[in-house]
Structure formats: structure tokens, C-alpha cells
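A short worksheet on the structure shown next.
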Amino acid sequence: MRVMTLAGSPRFPSRSSVLLQYAREKLSALDIEVCHWHLQNFAPEDLLYARFNSPAIQTLVEQLEGADGLIIATPVYKASFAGALKTLLDLLPERALEKKIVLPLATGGTVAHMLAVDYALKPVLNALKAQEILHGVFADDSQIADYQHRPAFTPNLQQRLDTALETFWQALHRREFSVASPFTQQGAAYV
Ligand SMILES: Cc1cc2nc3c(=O)[nH]c(=O)nc-3n(C[C@H](O)[C@H](O)[C@H](O)COP(=O)(O)O)c2cc1C
């Protein structure tokens, strides 16, 4: 089973990225293969000038095709998700998230913007045809004790992350079952 993590902060190290680091460590311990991407993997001009054919974008798209799930993290910028992440998502094929389970994570300076994932990021994930977008996790900055060295969170945030990762793991296994199901395959023949 393969999962991609995608860090959408223009900064590194970053609070939203450390949520992904935690997720990677948890999933790897469960024998899930995880490949990681972050915005710094891309030349800024490839993103700004929408170079769909840049080698880094093509490699990302190929790896995403082979993934069962995606965990995507973003900081909240101006009550939405990071614009730099949008420049990357704009370069993905229209059905890039088809058949994939997606878990969104976000960090922000104020809980007043905790719904930014729901009203801003989820519609974009939906436009990319994600099969299932799970209830995300929002962390405010005060809940992240360390993001420079090792992930360190308040107990409340850690528990919410653990629950979200367990739900993600269960969704991945449901997906695996449905992909192998003879009903799914038979249904597909009539499409
Ligand atoms: C340009 C900019 C705009 C921001 N706008 C918001 C905002 O509208 N709402 C909010 O809750 N936090 C806002 N923040 C705070 C960040 O979302 C928060 O510090 C986040 O944890 C940073 O994540 P990162 O370290 O992964 O980049 C903003 C930060 C920056 C730099």
C-alpha cells in the first residue's frame, strides 16, 4: 500500500510539514510505503509559469498515480490555503486524485480560520476527483510545541492526529477491498 504526503507550506521547516512528518513515521511503522513531496522540490518558475511538463511535475504525477492515498498539509494564509500550494495543484491532471483517499491537515495562527480547509481546500481536492476526502485536522500554532527538530504536540492535537490517521488507515483498507471486489470489477464492465 502506498501513500504520498505533500507539504504545501512555502517555508521549511514548518508547522504544517511537521504534522506530515508525524504521519509518515506512524504509517511507515504500519508497513505503508510513504513518498514525500514538498513545495521546495519544485522550481518556483515551474509553478508560477505553469510548466506542466517540467520533470519534477511529471514525476510527482507518476508517483501520485501509483498511490492509494494522499495526506496534504497547508498553512492557512489569508483565510485560505497557501497560494503556492494552489499553483502546484493547478498543474495536476483533472482526475489526479481519482480512486484516492485524501486526508487534509492544516495549521493556522487562529482557530477563527479552522474551516479554511472545508471551504477552500476541499473543493479543489474534489475538483481533482478524490474518491474520499476525510475529515481533516486543524492545529493552531499554540498546539505545536516543536517543529524545528522533532514533532512535539499538545496531547489534544496528538490524539486528533492519531484518530485521523487511524481513520485514514481504515479507509485505505476499505479501498483495497473495494478495488479487489468482484462486484466493483463487474460493475466497471458495464460502464
Ligand atoms: C502570509 C501569512 C498569512 C497568514 N494568514 C493567516 C490567516 O489568515 N489565518 C490564520 O489562522 N493564520 C494565518 N497565518 C499564520 C499561519 O497560518 C501559521 O503560522 C501556520 O502554522 C504556518 O504554517 P507553516 O509553518 O507550515 O508555514 C498566516 C501566516 C503568514 C506567513
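Residue numbering restarts at 1 in every chain; chains get A, B, ... in the order shown in the C-alpha cells, and ligands count up from 1 in that same order.
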
Practice prompt. List all protein, DNA and RNA residues that have any atom at most 10 Å from ligand 1, counting only C-alpha atoms and all ligand atoms, and write the list as a ChimeraX atom specification.
Written response: /A:7-19,73-83,106-116,138-144,147-148

Practice prompt. Identify which of the residues A:Ala145, A:Leu48, A:Val124, A:Val3 lies closest to Gly66 in chain A, counting only C-alpha atoms when measuring atom-to-atom distances.
Written response: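 Closest candidate: A:Val3.
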
Item to complete: Provide the CA of Gly136 in chain A to CA of Glu62 in chain A distance in Å, to one decimal place.
Response: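 Answer for the CA of Gly136 in chain A to CA of Glu62 in chain A separation: 25.0 Å.
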
Fill in: Members of range 34-179 of chain A assigned strand (DSSP E) by DSSP, as an MDAnalysis selection string
chainID A and resid 34:38 69:77 80:81 101:108 132:133 137:140 144:146 152:153

Fill in: From A:Pro55, A:Pro44, A:Gly69, A:Pro182, residue lying nearest Ile32 in chain A [only C-alpha atoms]
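Checking each candidate against Ile32 in chain A, we get A:Gly69 as the closest.
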
Discussion item. Give me, as a PyMOL selection string, all polymer residues having an atom no more than 12 Å from Ile133 in chain A, counting only C-alpha atoms and skipping those fewer than 2 positions away in the same chain.
Written reply: chain A and resi 69-72+97-105+117-118+121-131+135-137+164+167-168+171-172

Discussion item. Just to confirm, what's the straight-line distance from CA of Leu60 in chain A to CA of Leu92 in chain A in Å (one decimal)?
Written reply: 8.8 Å

Discussion item. Just checking: using only C-alpha atoms, which residue out of A:Phe183, A:Phe153, A:Tyr49, A:Trp169 ends up closest to Tyr22 in chain A?
Written reply: A:Phe153

Practice prompt. Would you please extract all helix (DSSP H, G or I) residues from chain A, as assigned by DSSP on the backbone, and give them as a PyMOL selection string?
Written response: chain A and resi 15-29+39-41+44-48+55-65+83-89+111-113+116-127+141-143+155-180+182-190

Could you turn the residues from that selection into a file that holds C-alpha atoms, as a short mmCIF file (atom, residue, chain, number, x, y, z; two decimals), in the first residue's frame?
data_model
loop_
_atom_site.label_atom_id
_atom_site.label_comp_id
_atom_site.auth_asym_id
_atom_site.auth_seq_id
_atom_site.Cartn_x
_atom_site.Cartn_y
_atom_site.Cartn_z
CA ARG A 15 4.45 23.69 11.41
CA SER A 16 2.15 22.13 8.85
CA SER A 17 5.03 20.00 7.50
CA VAL A 18 5.78 18.57 10.91
CA LEU A 19 2.25 17.15 11.03
CA LEU A 20 3.19 15.19 7.91
CA GLN A 21 6.45 14.06 9.46
CA TYR A 22 4.45 12.60 12.33
CA ALA A 23 2.05 10.93 9.88
CA ARG A 24 4.92 9.44 7.90
CA GLU A 25 6.50 7.93 10.98
CA LYS A 26 3.20 6.40 12.09
CA LEU A 27 2.31 4.98 8.65
CA SER A 28 5.82 3.65 7.95
CA ALA A 29 5.62 1.72 11.24
CA LEU A 39 6.98 22.72 -2.43
CA GLN A 40 10.75 23.12 -2.28
CA ASN A 41 11.04 20.16 -4.70
CA PRO A 44 9.37 28.45 -8.38
CA GLU A 45 9.22 29.41 -12.07
CA ASP A 46 7.79 25.98 -12.98
CA LEU A 47 4.92 26.71 -10.62
CA LEU A 48 4.45 30.38 -11.49
CA PRO A 55 10.39 16.86 -14.94
CA ALA A 56 9.52 17.39 -11.26
CA ILE A 57 5.80 17.83 -12.03
CA GLN A 58 5.79 14.76 -14.26
CA THR A 59 7.49 12.66 -11.59
CA LEU A 60 5.00 13.86 -8.98
CA VAL A 61 2.08 12.98 -11.24
CA GLU A 62 3.50 9.49 -11.91
CA GLN A 63 4.04 8.80 -8.23
CA LEU A 64 0.58 10.10 -7.41
CA GLU A 65 -0.91 7.73 -9.97
CA GLY A 83 -1.37 30.18 -2.68
CA ALA A 84 1.92 28.46 -3.52
CA LEU A 85 0.21 25.11 -2.97
CA LYS A 86 -2.55 26.17 -5.34
CA THR A 87 -0.01 26.86 -8.08
CA LEU A 88 1.09 23.23 -7.73
CA LEU A 89 -2.42 21.73 -7.55
CA VAL A 111 -8.96 28.93 15.28
CA ALA A 112 -11.17 31.56 13.64
CA HIS A 113 -9.88 30.13 10.35
CA ALA A 116 -10.43 27.14 5.68
CA VAL A 117 -9.78 23.50 4.74
CA ASP A 118 -13.50 22.85 4.37
CA TYR A 119 -14.43 25.88 2.30
CA ALA A 120 -11.17 26.42 0.37
CA LEU A 121 -9.04 23.26 0.06
CA LYS A 122 -11.69 20.54 -0.07
CA PRO A 123 -13.43 21.95 -3.18
CA VAL A 124 -10.09 21.80 -5.01
CA LEU A 125 -9.48 18.20 -3.88
CA ASN A 126 -12.99 17.44 -5.03
CA ALA A 127 -12.31 19.02 -8.43
CA ASP A 141 0.17 27.25 16.35
CA SER A 142 -0.01 27.04 20.13
CA GLN A 143 -0.62 23.27 19.84
CA PRO A 155 -1.89 15.82 23.89
CA ASN A 156 -5.14 17.07 22.35
CA LEU A 157 -3.57 17.57 18.92
CA GLN A 158 -1.68 14.29 19.10
CA GLN A 159 -4.89 12.44 19.88
CA ARG A 160 -6.73 14.12 16.99
CA LEU A 161 -3.89 13.23 14.63
CA ASP A 162 -3.84 9.63 15.82
CA THR A 163 -7.59 9.32 15.30
CA ALA A 164 -7.35 10.87 11.83
CA LEU A 165 -4.50 8.53 10.86
CA GLU A 166 -6.43 5.52 12.10
CA THR A 167 -9.44 6.60 10.02
CA PHE A 168 -7.13 7.10 7.03
CA TRP A 169 -5.64 3.62 7.51
CA GLN A 170 -9.12 2.08 7.71
CA ALA A 171 -10.24 3.95 4.58
CA LEU A 172 -7.16 2.70 2.70
CA HIS A 173 -8.05 -0.88 3.61
CA ARG A 174 -11.70 -0.41 2.64
CA ARG A 175 -10.47 0.95 -0.68
CA GLU A 176 -8.17 -2.04 -1.19
CA PHE A 177 -11.11 -4.37 -0.56
CA SER A 178 -13.38 -2.50 -2.98
CA VAL A 179 -10.71 -2.46 -5.71
CA ALA A 180 -10.39 -6.24 -5.39
CA PRO A 182 -15.73 -8.82 -7.99
CA PHE A 183 -18.77 -6.51 -7.79
CA THR A 184 -16.63 -3.45 -8.48
CA GLN A 185 -14.95 -5.22 -11.39
CA GLN A 186 -18.25 -6.49 -12.77
CA GLY A 187 -19.79 -3.02 -12.40
CA ALA A 188 -16.86 -1.49 -14.19
CA ALA A 189 -17.51 -3.74 -17.19
CA TYR A 190 -20.91 -2.07 -17.76
#

Worksheet item: Between A:Ala50, A:Arg150, A:Leu30, A:Ala67, which is the closest to Arg2 in chain A once you count only C-alpha atoms?
Response: A:Ala67

Fill in: Å distance separating CA of Met4 in chain A from CA of Leu91 in chain A, one decimal place
16.7 Å
